[in-house]
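Following: one structure in structure tokens, then a few remarks.
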Amino acid sequence: MDGGYRIYFDEGGMRADPKKYGENMAWPLSRVRSIFSEDGLNFRLDPQVRIDVEQPPLDLVQRLSNPSVIKLDDGYHMFFFAGFSPWEDLKGWKRLAWSGTYEAVSSDGLNFNIKNIPRFSGNDAAVIKMGDILRAYPSRGLKNLPGCNEILLYEKKL
């Protein structure tokens, strides 16, 4: 980031609107925010939200987390997990179709446009550039081994 350092993080502590979803469906919500510092020591909260729940195409999800941002030639690329609250009564198709790691692009590191629905499965993706290849390493829980995760690899030629 030119002129300083920006850290992206997931902000929780919000609840779904009970007027919209019902009293028993006020599940926890989280979204992506950022802080900025010129010296890397003293940070301030950036105004507005980077990626918000219910922002298209995230109309059906409640949780956004684990943003990973990398600067490429065409701007800043953010990879983040979007999914559902564990409290929501989900249909299987909904979780499979909408949960996963999404990609958003920004020219300034503040205003992101979501590119896809979702880019790949898994969450907590670490993203690195190696030459002309972008590699993402998300994790995914193993259904047959509770408490265990596997690390996946997705590659994209730049």
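Every chain in the structure tokens has a letter given in the order shown (A, B, ...), and although residue numbers restart at 1 in each chain, ligands are simply numbered from 1 in the order shown.
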
Near-Phe9 in chain A list (12 Å; only C-alpha atoms; drop same-chain fewer than 4 positions) as number ranges by chain: A: 30-36, 45-46, 49-51, 64-69, 78-81, 124

Spatial neighbours of Leu152 in chain A, max dist 6 Å, only C-alpha atoms, sep filter under 4 positions, as number ranges by chain: A: 137-139

Atoms to include: N, CA and C atoms. Write the selected residues as a PDB file, in the first residue's frame.
```pdb
ATOM      1  N   TYR A 137      -4.500 -21.109  -0.873  1.00  0.00           N
ATOM      2  CA  TYR A 137      -4.472 -22.302  -0.022  1.00  0.00           C
ATOM      3  C   TYR A 137      -5.579 -22.204   1.029  1.00  0.00           C
ATOM      4  N   PRO A 138      -6.813 -22.536   0.673  1.00  0.00           N
ATOM      5  CA  PRO A 138      -7.887 -22.533   1.669  1.00  0.00           C
ATOM      6  C   PRO A 138      -7.909 -23.854   2.453  1.00  0.00           C
ATOM      7  N   SER A 139      -8.588 -23.816   3.582  1.00  0.00           N
ATOM      8  CA  SER A 139      -8.772 -25.048   4.352  1.00  0.00           C
ATOM      9  C   SER A 139     -10.228 -25.464   4.294  1.00  0.00           C
TER      10      SER A 139
END
```

Residues near Arg140 in chain A, cut-off 9 Å, only C-alpha atoms, skip fewer than 2 positions along chain, as a list in words: Ser121, Gly122, Asn123, Asp124, Pro138, Leu142, Cys148, Asn149, Glu150, Ile151 and Leu152 of chain A

Who sits within 9 Å of Lys157 in chain A, only C-alpha atoms, same chain under 6 positions skipped, as a list in words: Asp132, Ile133, Leu134 and Arg135 of chain A

Shell around Pro28 in chain A at 7 Å using only C-alpha atoms, local window under 5 positions removed, as a PyMOL selection string: chain A and resi 13-16+85

DSSP helix (DSSP H, G or I) residues within chain A, as an MDAnalysis selection string: chainID A and resid 18:21 23:25 92:98

Pick from A:Val127, A:Lys143, A:Glu23, A:Leu158, whichever lies nearest to Asp74 in chain A using only C-alpha atoms: A:Leu158

CA of Gly109 in chain A to CA of Ile7 in chain A, straight-line distance in Å: 10.2 Å

Residue set, range 5-52 of chain A restricted to strand (DSSP E or B), as JSON, numbers by chain: {"A": [5, 6, 7, 8, 9, 10, 11, 12, 13, 14, 15, 28, 29, 30, 31, 32, 33, 34, 35, 36, 37, 44, 45, 51]}

Selected residue of minimal separation from Pro47 in chain A among A:Ile128, A:Gly147, A:Asn111, A:Asp59, counting only C-alpha atoms: A:Asn111

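You will find CA of Tyr5 in chain A at 7.4 Å from CA of Asp39 in chain A.
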